[in-house]
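With CSV, C-alpha atoms inside, this is entry_16.csv:
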```csv
chain,number,residue,atom,x,y,z
Y,1,MET,CA,-83.9,-43.4,37.3
Y,2,ALA,CA,-86.5,-40.9,36.1
Y,3,MET,CA,-85.3,-40.0,32.7
Y,4,ALA,CA,-88.0,-41.5,30.5
Y,5,THR,CA,-90.3,-38.7,29.5
Y,6,ALA,CA,-92.0,-38.2,26.2
Y,7,PRO,CA,-90.4,-35.7,23.7
Y,8,SER,CA,-91.5,-32.1,24.5
Y,9,ASP,CA,-93.5,-31.8,21.2
Y,10,ALA,CA,-95.7,-34.7,22.2
Y,11,ARG,CA,-96.4,-33.3,25.7
Y,12,ALA,CA,-99.8,-32.2,26.6
Y,13,PRO,CA,-99.8,-29.1,28.9
Y,14,ALA,CA,-99.7,-30.0,32.6
Y,15,ARG,CA,-103.0,-29.4,34.2
Y,16,TRP,CA,-103.4,-28.9,38.0
Y,17,GLN,CA,-105.1,-32.3,38.1
Y,18,ASP,CA,-101.9,-33.9,36.9
Y,19,PHE,CA,-100.1,-32.6,40.1
Y,20,ILE,CA,-102.9,-34.0,42.2
Y,21,GLN,CA,-102.4,-37.3,40.5
Y,22,LEU,CA,-98.7,-37.2,41.4
Y,23,LEU,CA,-99.8,-37.4,45.1
Y,24,LYS,CA,-101.5,-40.8,44.6
Y,25,PRO,CA,-104.9,-39.8,46.0
Y,26,ARG,CA,-106.0,-43.4,46.5
Y,27,VAL,CA,-102.9,-44.2,48.6
Y,28,MET,CA,-103.5,-40.9,50.5
Y,29,SER,CA,-107.0,-42.0,51.4
Y,30,LEU,CA,-105.8,-45.3,52.8
Y,31,VAL,CA,-103.1,-43.6,54.8
Y,32,VAL,CA,-105.6,-41.0,56.1
Y,33,PHE,CA,-107.9,-43.9,57.2
Y,34,THR,CA,-105.2,-45.8,59.2
Y,35,GLY,CA,-103.7,-42.6,60.6
Y,36,LEU,CA,-107.1,-41.4,61.8
Y,37,THR,CA,-107.6,-44.8,63.4
Y,38,GLY,CA,-104.3,-44.5,65.3
Y,39,LEU,CA,-105.2,-41.0,66.4
Y,40,VAL,CA,-108.7,-42.0,67.6
Y,41,ALA,CA,-107.6,-45.3,69.2
Y,42,ALA,CA,-105.0,-43.4,71.3
Y,43,GLY,CA,-108.0,-42.4,73.4
Y,44,ARG,CA,-106.7,-39.0,74.4
Y,45,PRO,CA,-108.9,-35.9,73.8
Y,46,ILE,CA,-107.4,-33.7,71.2
Y,47,ASN,CA,-108.6,-30.4,69.7
Y,48,PRO,CA,-110.5,-31.3,66.6
Y,49,ILE,CA,-108.7,-28.6,64.5
Y,50,LEU,CA,-105.3,-30.0,65.6
Y,51,ALA,CA,-106.6,-33.5,64.9
Y,52,ALA,CA,-107.6,-32.4,61.4
Y,53,VAL,CA,-104.2,-30.7,60.9
Y,54,ALA,CA,-102.4,-34.0,62.0
Y,55,ILE,CA,-104.4,-36.0,59.4
Y,56,LEU,CA,-103.7,-33.4,56.8
Y,57,CYS,CA,-100.0,-33.6,57.5
Y,58,ILE,CA,-100.1,-37.4,57.2
Y,59,ALA,CA,-102.0,-37.2,53.9
Y,60,VAL,CA,-99.7,-34.5,52.5
Y,61,GLY,CA,-96.6,-36.4,53.6
Y,62,ALA,CA,-97.9,-39.5,51.9
Y,63,GLY,CA,-98.7,-37.5,48.8
Y,64,ALA,CA,-95.2,-36.0,48.8
Y,65,SER,CA,-93.7,-39.6,49.0
Y,66,GLY,CA,-95.9,-40.5,46.0
Y,67,ALA,CA,-94.6,-37.6,44.0
Y,68,LEU,CA,-91.0,-38.4,44.8
Y,69,ASN,CA,-91.7,-42.1,43.9
Y,70,MET,CA,-93.3,-41.0,40.5
Y,71,TRP,CA,-90.3,-38.8,39.7
Y,72,TYR,CA,-87.7,-41.5,40.4
Y,73,ASP,CA,-89.7,-44.5,39.0
Y,74,ALA,CA,-90.8,-42.8,35.7
Y,75,ASP,CA,-88.6,-45.2,33.7
Y,76,ILE,CA,-90.2,-48.3,35.4
Y,77,ASP,CA,-93.7,-46.7,35.2
Y,78,ALA,CA,-93.4,-46.1,31.5
Y,79,MET,CA,-92.9,-49.9,30.9
Y,80,MET,CA,-95.9,-51.1,33.0
Y,81,ARG,CA,-99.5,-51.0,31.7
Y,82,ARG,CA,-100.8,-50.1,35.2
Y,83,THR,CA,-98.6,-47.0,35.5
Y,84,ARG,CA,-97.7,-45.8,32.0
Y,85,GLY,CA,-100.5,-43.2,32.1
Y,86,ARG,CA,-99.0,-41.5,35.1
Y,87,PRO,CA,-98.2,-37.8,34.6
Y,88,VAL,CA,-94.3,-38.1,34.4
Y,89,PRO,CA,-94.0,-41.2,32.0
Y,90,ALA,CA,-96.9,-39.8,29.9
Y,91,GLY,CA,-94.8,-36.6,29.5
Y,92,ARG,CA,-97.4,-34.3,31.0
Y,93,VAL,CA,-95.3,-33.3,34.0
Y,94,GLN,CA,-91.5,-32.9,34.0
Y,95,GLY,CA,-89.6,-35.2,36.4
Y,96,ALA,CA,-88.0,-32.2,38.1
Y,97,ASP,CA,-91.4,-30.6,38.7
Y,98,ALA,CA,-92.6,-33.8,40.4
Y,99,ALA,CA,-89.4,-34.0,42.5
Y,100,GLY,CA,-89.8,-30.3,43.5
Y,101,LEU,CA,-93.4,-30.8,44.5
Y,102,GLY,CA,-92.4,-33.9,46.6
Y,103,VAL,CA,-89.6,-32.1,48.4
Y,104,VAL,CA,-91.7,-28.9,49.1
Y,105,LEU,CA,-94.7,-30.8,50.4
Y,106,SER,CA,-92.5,-33.1,52.6
Y,107,LEU,CA,-91.0,-30.0,54.2
Y,108,PHE,CA,-94.4,-28.4,54.7
Y,109,ALA,CA,-96.0,-31.5,56.2
Y,110,VAL,CA,-93.2,-32.3,58.6
Y,111,MET,CA,-92.7,-28.7,59.8
Y,112,LEU,CA,-96.4,-28.1,60.3
Y,113,MET,CA,-96.8,-31.4,62.1
Y,114,GLY,CA,-93.9,-30.4,64.4
Y,115,MET,CA,-95.2,-26.9,65.1
Y,116,ALA,CA,-98.9,-27.8,65.4
Y,117,LEU,CA,-98.8,-31.1,67.2
Y,118,ASN,CA,-95.4,-32.5,68.4
Y,119,TRP,CA,-92.0,-33.4,67.2
Y,120,LEU,CA,-92.3,-37.1,67.8
Y,121,ALA,CA,-95.1,-37.3,65.3
Y,122,ALA,CA,-93.1,-35.0,62.9
Y,123,GLY,CA,-90.0,-37.2,63.3
Y,124,LEU,CA,-92.0,-40.3,62.5
Y,125,LEU,CA,-93.6,-38.6,59.5
Y,126,ALA,CA,-90.2,-37.5,58.2
Y,127,PHE,CA,-88.8,-41.0,58.7
Y,128,THR,CA,-91.8,-42.5,56.8
Y,129,ILE,CA,-91.3,-40.1,53.8
Y,130,VAL,CA,-87.5,-40.8,53.7
Y,131,PHE,CA,-88.0,-44.5,54.1
Y,132,TYR,CA,-90.6,-44.7,51.3
Y,133,ALA,CA,-88.8,-42.3,48.9
Y,134,VAL,CA,-85.2,-43.3,49.5
Y,135,VAL,CA,-85.0,-46.8,51.1
Y,136,TYR,CA,-87.9,-48.3,49.2
Y,137,THR,CA,-88.1,-46.4,45.9
Y,138,MET,CA,-84.4,-45.8,45.3
Y,139,TRP,CA,-82.9,-48.9,46.8
Y,140,LEU,CA,-85.1,-51.9,47.7
Y,141,LYS,CA,-87.5,-51.8,44.8
Y,142,ARG,CA,-84.9,-52.4,42.2
Y,143,SER,CA,-82.6,-54.6,44.2
Y,144,THR,CA,-84.4,-57.3,46.1
Y,145,ALA,CA,-87.4,-59.6,46.0
Y,146,GLN,CA,-88.0,-58.5,49.6
Y,147,ASN,CA,-88.7,-55.0,48.4
Y,148,ILE,CA,-92.3,-54.7,49.5
Y,149,VAL,CA,-91.7,-56.6,52.7
Y,150,ILE,CA,-89.2,-54.1,54.1
Y,151,GLY,CA,-90.6,-51.2,52.2
Y,152,GLY,CA,-94.0,-52.0,53.7
Y,153,LEU,CA,-92.9,-50.3,56.9
Y,154,ALA,CA,-93.6,-46.9,55.3
Y,155,GLY,CA,-97.2,-47.9,54.6
Y,156,ALA,CA,-97.5,-49.4,58.1
Y,157,LEU,CA,-96.4,-46.3,60.1
Y,158,PRO,CA,-99.4,-43.9,59.7
Y,159,PRO,CA,-101.3,-45.3,62.7
Y,160,VAL,CA,-98.2,-44.8,64.9
Y,161,ILE,CA,-97.9,-41.2,63.6
Y,162,GLY,CA,-101.6,-40.6,64.3
Y,163,TRP,CA,-101.2,-42.0,67.8
Y,164,ALA,CA,-98.1,-39.9,68.4
Y,165,ALA,CA,-99.8,-36.8,67.2
Y,166,ALA,CA,-102.6,-37.3,69.7
Y,167,THR,CA,-100.5,-38.3,72.7
Y,168,GLY,CA,-96.8,-37.4,72.1
Y,169,GLN,CA,-96.1,-41.1,72.7
Y,170,ALA,CA,-95.8,-44.3,70.6
Y,171,PRO,CA,-96.7,-47.2,72.9
Y,172,LEU,CA,-96.8,-50.9,72.0
Y,173,ASN,CA,-100.4,-50.8,71.0
Y,174,ALA,CA,-99.6,-48.3,68.3
Y,175,TRP,CA,-96.8,-50.5,67.1
Y,176,LEU,CA,-99.2,-53.4,67.1
Y,177,LEU,CA,-101.4,-51.6,64.5
Y,178,CYS,CA,-98.2,-51.0,62.5
Y,179,ALA,CA,-97.2,-54.7,62.7
Y,180,ILE,CA,-100.6,-55.7,61.4
Y,181,ILE,CA,-100.3,-53.6,58.3
Y,182,PHE,CA,-96.6,-54.6,57.9
Y,183,MET,CA,-97.5,-58.3,57.9
Y,184,TRP,CA,-100.5,-57.8,55.7
Y,185,THR,CA,-98.5,-56.0,53.0
Y,186,PRO,CA,-96.7,-59.1,51.5
Y,187,PRO,CA,-99.7,-61.3,50.9
Y,188,HIS,CA,-101.6,-58.3,49.6
Y,189,PHE,CA,-99.0,-57.2,47.0
Y,190,TRP,CA,-97.7,-60.6,46.1
Y,191,ALA,CA,-101.3,-61.8,45.3
Y,192,LEU,CA,-101.5,-58.8,42.9
Y,193,SER,CA,-98.1,-59.4,41.5
Y,194,LEU,CA,-98.9,-63.1,40.8
Y,195,TYR,CA,-101.2,-61.9,38.0
Y,196,THR,CA,-99.2,-58.8,36.9
Y,197,THR,CA,-95.9,-60.7,36.6
Y,198,GLU,CA,-95.4,-59.8,33.0
Y,199,ASP,CA,-95.5,-56.1,33.8
Y,200,TYR,CA,-92.9,-56.3,36.5
Y,201,ALA,CA,-90.7,-58.6,34.5
Y,202,ARG,CA,-90.8,-56.2,31.5
Y,203,ALA,CA,-89.8,-53.4,33.8
Y,204,GLY,CA,-87.0,-55.4,35.5
Y,205,VAL,CA,-88.5,-55.0,39.0
Y,206,PRO,CA,-87.5,-58.1,41.1
Y,207,MET,CA,-90.9,-58.9,42.5
Y,208,MET,CA,-91.1,-62.2,44.2
Y,209,PRO,CA,-93.0,-64.1,41.4
Y,210,VAL,CA,-90.4,-62.8,38.9
Y,211,VAL,CA,-87.4,-63.8,40.9
Y,212,LYS,CA,-88.4,-66.9,42.9
Y,213,GLY,CA,-91.3,-68.1,40.8
Y,214,ALA,CA,-95.1,-68.5,41.4
Y,215,ALA,CA,-94.9,-71.6,43.7
Y,216,ALA,CA,-92.4,-69.9,46.1
Y,217,THR,CA,-94.6,-66.8,46.1
Y,218,ARG,CA,-97.7,-68.7,46.9
Y,219,ARG,CA,-95.9,-70.4,49.8
Y,220,GLN,CA,-94.6,-67.0,51.1
Y,221,ILE,CA,-98.2,-65.6,50.9
Y,222,LEU,CA,-99.5,-68.5,53.0
Y,223,ILE,CA,-96.7,-68.0,55.6
Y,224,TYR,CA,-97.4,-64.3,55.9
Y,225,SER,CA,-101.2,-65.0,56.0
Y,226,CYS,CA,-100.6,-67.3,58.9
Y,227,LEU,CA,-98.7,-64.5,60.7
Y,228,VAL,CA,-101.1,-61.6,60.0
Y,229,THR,CA,-104.3,-63.3,60.9
Y,230,PRO,CA,-103.5,-64.0,64.6
Y,231,LEU,CA,-101.8,-60.7,64.8
Y,232,GLY,CA,-105.0,-59.1,63.5
Y,233,VAL,CA,-106.9,-60.6,66.4
Y,234,LEU,CA,-104.4,-59.5,69.1
Y,235,PRO,CA,-105.7,-55.9,69.6
Y,236,ALA,CA,-108.8,-57.5,71.1
Y,237,PHE,CA,-106.6,-58.8,73.9
Y,238,THR,CA,-104.4,-55.8,74.5
Y,239,GLY,CA,-107.0,-53.2,75.5
Y,240,LEU,CA,-107.4,-51.8,72.0
Y,241,GLY,CA,-110.3,-53.7,70.4
Y,242,GLY,CA,-113.7,-54.7,71.8
Y,243,LEU,CA,-116.1,-57.6,71.2
Y,244,ALA,CA,-117.0,-56.4,67.7
Y,245,TYR,CA,-113.3,-56.2,66.8
Y,246,LEU,CA,-112.8,-59.7,68.1
Y,247,ALA,CA,-115.6,-61.0,66.0
Y,248,VAL,CA,-114.6,-59.2,62.8
Y,249,SER,CA,-110.9,-60.0,63.1
Y,250,THR,CA,-111.6,-63.7,63.8
Y,251,VAL,CA,-114.1,-64.2,61.0
Y,252,GLY,CA,-112.1,-62.0,58.6
Y,253,GLY,CA,-108.9,-63.8,59.5
Y,254,LEU,CA,-110.4,-67.2,58.9
Y,255,VAL,CA,-111.7,-66.1,55.4
Y,256,PHE,CA,-108.2,-64.6,54.7
Y,257,LEU,CA,-106.5,-67.9,55.7
Y,258,LEU,CA,-109.0,-69.9,53.6
Y,259,LEU,CA,-108.3,-67.8,50.5
Y,260,ALA,CA,-104.5,-68.0,51.1
Y,261,VAL,CA,-104.8,-71.9,51.4
Y,262,ARG,CA,-106.8,-71.9,48.1
Y,263,LEU,CA,-104.2,-69.8,46.4
Y,264,PHE,CA,-101.4,-72.0,47.8
Y,265,ARG,CA,-103.1,-75.0,46.2
Y,266,SER,CA,-103.8,-73.3,42.9
Y,267,HIS,CA,-101.5,-72.8,39.9
Y,268,ALA,CA,-101.9,-69.0,39.9
Y,269,GLY,CA,-99.0,-67.2,38.3
Y,270,GLU,CA,-97.5,-70.3,36.7
Y,271,SER,CA,-98.5,-70.0,33.1
Y,272,PRO,CA,-98.2,-66.7,31.2
Y,273,ASP,CA,-101.3,-64.8,32.1
Y,274,PRO,CA,-101.5,-61.5,30.3
Y,275,ARG,CA,-104.2,-59.4,31.8
Y,276,MET,CA,-107.3,-59.0,29.8
Y,277,ASP,CA,-107.2,-55.2,30.2
Y,278,ASP,CA,-105.9,-52.6,32.6
Y,279,GLY,CA,-108.4,-53.4,35.3
Y,280,LEU,CA,-107.0,-54.8,38.6
Y,281,TYR,CA,-109.7,-57.4,38.9
Y,282,ASP,CA,-110.0,-58.8,35.4
Y,283,VAL,CA,-107.9,-61.9,35.1
Y,284,ARG,CA,-108.0,-65.3,33.4
Y,285,ALA,CA,-109.5,-68.2,35.3
Y,286,GLY,CA,-106.1,-69.5,36.5
Y,287,ALA,CA,-105.3,-66.4,38.4
Y,288,LYS,CA,-108.7,-65.9,40.1
Y,289,ASP,CA,-107.5,-67.3,43.4
Y,290,ALA,CA,-104.8,-64.6,43.5
Y,291,ARG,CA,-107.3,-61.9,42.5
Y,292,ASN,CA,-109.7,-63.1,45.2
Y,293,LEU,CA,-107.1,-62.9,47.9
Y,294,PHE,CA,-105.9,-59.5,46.7
Y,295,ALA,CA,-109.5,-58.1,46.7
Y,296,PHE,CA,-110.3,-59.7,50.1
Y,297,SER,CA,-107.1,-58.4,51.7
Y,298,ILE,CA,-108.3,-54.8,51.0
Y,299,LEU,CA,-111.7,-55.6,52.6
Y,300,TYR,CA,-110.0,-57.3,55.6
Y,301,MET,CA,-107.8,-54.4,56.4
Y,302,THR,CA,-110.6,-51.9,55.9
Y,303,LEU,CA,-112.9,-53.9,58.2
Y,304,LEU,CA,-110.2,-54.2,61.0
Y,305,PHE,CA,-109.5,-50.5,61.1
Y,306,ALA,CA,-113.1,-49.4,60.5
Y,307,THR,CA,-114.2,-51.6,63.5
Y,308,LEU,CA,-111.5,-50.2,65.7
Y,309,LEU,CA,-112.4,-46.7,64.7
Y,310,VAL,CA,-116.2,-47.1,65.2
Y,311,GLU,CA,-115.6,-48.8,68.6
Y,312,HIS,CA,-113.5,-46.0,69.9
Y,313,LEU,CA,-115.7,-43.2,68.4
Y,314,ALA,CA,-118.8,-45.0,70.0
Y,315,GLY,CA,-117.0,-45.3,73.3
Y,316,LEU,CA,-117.3,-49.1,73.4
Y,317,HIS,CA,-115.1,-50.6,76.1
Y,318,PRO,CA,-112.2,-52.7,74.9
Y,319,LEU,CA,-111.9,-56.2,76.2
Y,320,GLN,CA,-108.5,-55.9,77.9
Y,321,LEU,CA,-108.2,-59.6,78.4
Y,322,PHE,CA,-104.4,-59.3,78.9
Y,323,HIS,CA,-104.7,-56.2,81.1
Y,324,PRO,CA,-103.5,-57.9,84.3
Y,325,LEU,CA,-100.3,-58.8,82.5
Y,326,GLN,CA,-99.9,-55.1,81.5
Y,327,LEU,CA,-98.5,-56.3,78.3
Y,328,PHE,CA,-99.3,-53.4,76.1
Y,329,GLN,CA,-100.0,-50.6,78.5
T,1,MET,CA,-90.5,-22.6,30.2
T,2,SER,CA,-92.8,-22.0,27.2
T,3,ASP,CA,-93.0,-18.6,25.5
T,4,PRO,CA,-96.3,-17.0,26.4
T,5,ALA,CA,-96.5,-15.4,23.0
T,6,ARG,CA,-96.4,-18.8,21.3
T,7,GLU,CA,-98.7,-20.6,23.7
T,8,THR,CA,-101.6,-22.5,22.3
T,9,GLU,CA,-105.0,-22.0,23.8
T,10,ALA,CA,-104.8,-25.3,25.6
T,11,GLU,CA,-101.5,-24.3,27.2
T,12,THR,CA,-102.8,-20.9,28.3
T,13,LYS,CA,-105.8,-22.6,29.9
T,14,ALA,CA,-103.7,-25.2,31.6
T,15,ARG,CA,-101.3,-22.5,32.9
T,16,ARG,CA,-104.2,-20.4,34.2
T,17,GLY,CA,-105.6,-23.5,36.0
T,18,ARG,CA,-102.2,-24.2,37.6
T,19,ASN,CA,-101.8,-20.6,38.7
T,20,ILE,CA,-105.3,-20.6,40.3
T,21,ALA,CA,-104.7,-23.9,42.1
T,22,LEU,CA,-101.3,-22.6,43.4
T,23,ALA,CA,-102.9,-19.4,44.6
T,24,LEU,CA,-105.7,-21.2,46.3
T,25,GLY,CA,-103.2,-23.6,48.0
T,26,LEU,CA,-101.1,-20.8,49.3
T,27,PHE,CA,-104.2,-18.9,50.6
T,28,LEU,CA,-105.4,-22.1,52.4
T,29,PHE,CA,-101.9,-22.6,53.8
T,30,VAL,CA,-101.9,-19.1,55.3
T,31,ILE,CA,-105.4,-19.6,56.8
T,32,LEU,CA,-104.2,-22.9,58.2
T,33,ILE,CA,-101.2,-21.4,59.9
T,34,PHE,CA,-103.3,-18.6,61.3
T,35,VAL,CA,-105.9,-21.0,62.7
T,36,VAL,CA,-103.3,-23.3,64.2
T,37,THR,CA,-101.6,-20.3,65.8
T,38,ILE,CA,-104.8,-19.2,67.4
T,39,VAL,CA,-105.6,-22.7,68.7
T,40,ARG,CA,-102.1,-23.2,70.1
T,41,LEU,CA,-102.1,-19.7,71.6
T,42,LYS,CA,-105.5,-20.3,73.2
T,43,GLY,CA,-104.3,-23.6,74.7
T,44,ASN,CA,-101.1,-22.0,76.2
T,45,VAL,CA,-103.1,-19.0,77.6
T,46,ALA,CA,-105.5,-21.5,79.2
T,47,GLN,CA,-102.6,-23.3,80.9
T,48,VAL,CA,-101.2,-20.0,82.3
T,49,PHE,CA,-104.5,-19.0,83.9
```
Structure encoded using structure tokens:
Amino acid sequence: MAMATAPSDARAPARWQDFIQLLKPRVMSLVVFTGLTGLVAAGRPINPILAAVAILCIAVGAGASGALNMWYDADIDAMMRRTRGRPVPAGRVQGADAAGLGVVLSLFAVMLMGMALNWLAAGLLAFTIVFYAVVYTMWLKRSTAQNIVIGGLAGALPPVIGWAAATGQAPLNAWLLCAIIFMWTPPHFWALSLYTTEDYARAGVPMMPVVKGAAATRRQILIYSCLVTPLGVLPAFTGLGGLAYLAVSTVGGLVFLLLAVRLFRSHAGESPDPRMDDGLYDVRAGAKDARNLFAFSILYMTLLFATLLVEHLAGLHPLQLFHPLQLFQ
Amino acid sequence: MSDPARETEAETKARRGRNIALALGLFLFVILIFVVTIVRLKGNVAQVF
């Protein structure tokens, strides 16, 4: 738990930027992007101010989860190169302040979402925050190698929240977007963890490569890649995506699979591979296949949601190839 | 809480920055609630008439 802070003498004074850093702005921007896609893809006219408020609530809710995570995980963060500069382990912000910020912002985000939009969206937002802060951070992360598989649900829910904010409903098409992110999370994070194993092992976090080994992780990555790529194409058949989406998801999916197969055949993560510096993309030659899949997985997800967003904003007609079956309507 | 009389210049500057950020956040929150209220009110009035 979050007890590891630097002695007070060594603490630099907390600046307001440190509190912004607690909100994990990079994660917030991803969540805003997928939440906005859900909101727009819902296809129901919504007052632009209320739409902006919905996105703000999703962003603040995600930021609040980040602050709670940084409070609770300060001990782990202090042991990992990637995270030791965060405000709490670096001693710039007290753990209690981070926790307080997280709780207050969670309450603001959920209450505002409920009052301004609807209580389904607010309930889903509250569930997401609790799932990330309590189920993932406090329980799964330290206890099972499946931590990011199950915990990935928190990162996958924003499109459903956005959809619910716009319509007051959460139909299967919204859950399809959630399922795509959910299935994408394991190959994305495990590819990264294959070349940051030392960090996770030092911190005692039971990530898949630490617990099951590199070969098992590469096999799991391939299995999840085989699941996420067809799932990524599915919106083109359910009245959600158009021709552009079909093309992007098919080509992107094939490249994703190719990189996953290459990673499966490689020896990435098997020999000790201390990272050359703190950059996420600087690795030794042996781990390049893992790095390539990690980097492409970000591009893949960005392209899928950006294409959906553009298609819906441009008013392009979805393909609806399964429409007669009414599968997702 | 640090004693203001013993604060270094850096601590005073950081505290002032935090206070301004908090004031700005609260002000924006009040404006946000006001705007949302007007938008929701307008929508409900439009439904009545």
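Reported to one decimal place, the separation of atom CA of Y:Gly232 from atom CA of Y:Leu304 is 7.6 Å.
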### Message
Could you work out which residues of chain Y fall inside 8 Å of chain T? Count all atoms listed in the file, and format the result as a PyMOL selection string.
### Response
chain Y and resi 13-16+49-50+116
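For the set Y:Gly35, Y:Gly43, Y:Pro230, Y:Gly91, the residue with the smallest atom-to-atom gap to Y:Gly315 is Y:Gly43, counting only C-alpha atoms.
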### Task
Grab the atom CA of Y:Phe294 to atom CA of Y:Lys24 distance for me, in Å with one decimal place.
19.3 Å
### Task
Would you mind listing what lies within 9 Å of Y:Phe182 as a PyMOL selection string, with all atoms listed in the file counted and same-chain residues fewer than 3 positions away left out?
chain Y and resi 149-157+177-179+185-186+228
#### Entry: Residue contacts of stretch 65-73 of chain Y (7 Å, only C-alpha atoms) excluding same-chain residues fewer than 3 positions away, as a PyMOL selection string
chain Y and resi 1-2+22-24+61-62+76-77+88+95+98-99+101-102+129+132-133+137
### Message
Just the number, please: distance in Å from atom CA of Y:Cys226 to atom CA of Y:Thr302, one decimal.
### Response
18.6 Å
### Task
Find the residues around Y:Leu30 up to 12 Å (only C-alpha atoms counted), leave out those fewer than 3 positions away in its own chain, and share them as a PyMOL selection string.
chain Y and resi 24-27+33-37+55+58-59+62-63+155-159+181+298-299+301-302+305-306
### Which of Y:Ala290, Y:Leu246, Y:Leu254, Y:Leu140 sits closest to Y:Pro209 [using only C-alpha atoms]
Y:Ala290
### Task
Write out as a PyMOL selection string the residues lying within 9 Å of Y:Ala51, counting only C-alpha atoms and excluding same-chain residues fewer than 6 positions away.
chain Y and resi 36+39+117+162+165-166
### Task
Show which residues sit within 10 Å of Y:Leu258, as a VMD selection string. Count all atoms listed in the file, and ignore same-chain residues fewer than 4 positions away.
chain Y and resid 222 225 252 to 254 262 to 264 293
Your completed stretch 15-32 of chain T with N, CA and C atoms, as a compact mmCIF listing (two decimals), in the coordinates of the input:
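Final file, rebuild13.txt:
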```txt
# COMPACT_ATOMS: atom_id res chain seq x y z
N ARG T 15 -102.12 -23.37 32.04
CA ARG T 15 -101.30 -22.50 32.90
C ARG T 15 -102.15 -21.71 33.87
N ARG T 16 -103.27 -21.19 33.37
CA ARG T 16 -104.20 -20.40 34.20
C ARG T 16 -104.72 -21.32 35.35
N GLY T 17 -105.07 -22.55 34.99
CA GLY T 17 -105.60 -23.50 36.00
C GLY T 17 -104.55 -23.79 37.06
N ARG T 18 -103.28 -23.98 36.65
CA ARG T 18 -102.20 -24.20 37.60
C ARG T 18 -102.00 -23.05 38.53
N ASN T 19 -102.03 -21.86 37.94
CA ASN T 19 -101.80 -20.60 38.70
C ASN T 19 -102.93 -20.46 39.78
N ILE T 20 -104.16 -20.70 39.37
CA ILE T 20 -105.30 -20.60 40.30
C ILE T 20 -105.17 -21.60 41.42
N ALA T 21 -104.82 -22.84 41.05
CA ALA T 21 -104.70 -23.90 42.10
C ALA T 21 -103.57 -23.55 43.06
N LEU T 22 -102.45 -23.01 42.54
CA LEU T 22 -101.30 -22.60 43.40
C LEU T 22 -101.72 -21.50 44.35
N ALA T 23 -102.42 -20.50 43.80
CA ALA T 23 -102.90 -19.40 44.60
C ALA T 23 -103.81 -19.83 45.72
N LEU T 24 -104.72 -20.71 45.34
CA LEU T 24 -105.70 -21.20 46.30
C LEU T 24 -104.96 -22.04 47.41
N GLY T 25 -103.99 -22.85 46.99
CA GLY T 25 -103.20 -23.60 48.00
C GLY T 25 -102.46 -22.76 48.93
N LEU T 26 -101.83 -21.71 48.41
CA LEU T 26 -101.10 -20.80 49.30
C LEU T 26 -102.02 -20.06 50.25
N PHE T 27 -103.18 -19.63 49.73
CA PHE T 27 -104.20 -18.90 50.60
C PHE T 27 -104.62 -19.86 51.71
N LEU T 28 -104.95 -21.10 51.37
CA LEU T 28 -105.40 -22.10 52.40
C LEU T 28 -104.31 -22.33 53.41
N PHE T 29 -103.06 -22.36 52.93
CA PHE T 29 -101.90 -22.60 53.80
C PHE T 29 -101.80 -21.47 54.85
N VAL T 30 -101.95 -20.24 54.37
CA VAL T 30 -101.90 -19.10 55.30
C VAL T 30 -103.00 -19.13 56.31
N ILE T 31 -104.21 -19.45 55.85
CA ILE T 31 -105.40 -19.60 56.80
C ILE T 31 -105.08 -20.67 57.80
N LEU T 32 -104.54 -21.77 57.32
CA LEU T 32 -104.20 -22.90 58.20
C LEU T 32 -103.26 -22.53 59.29
```
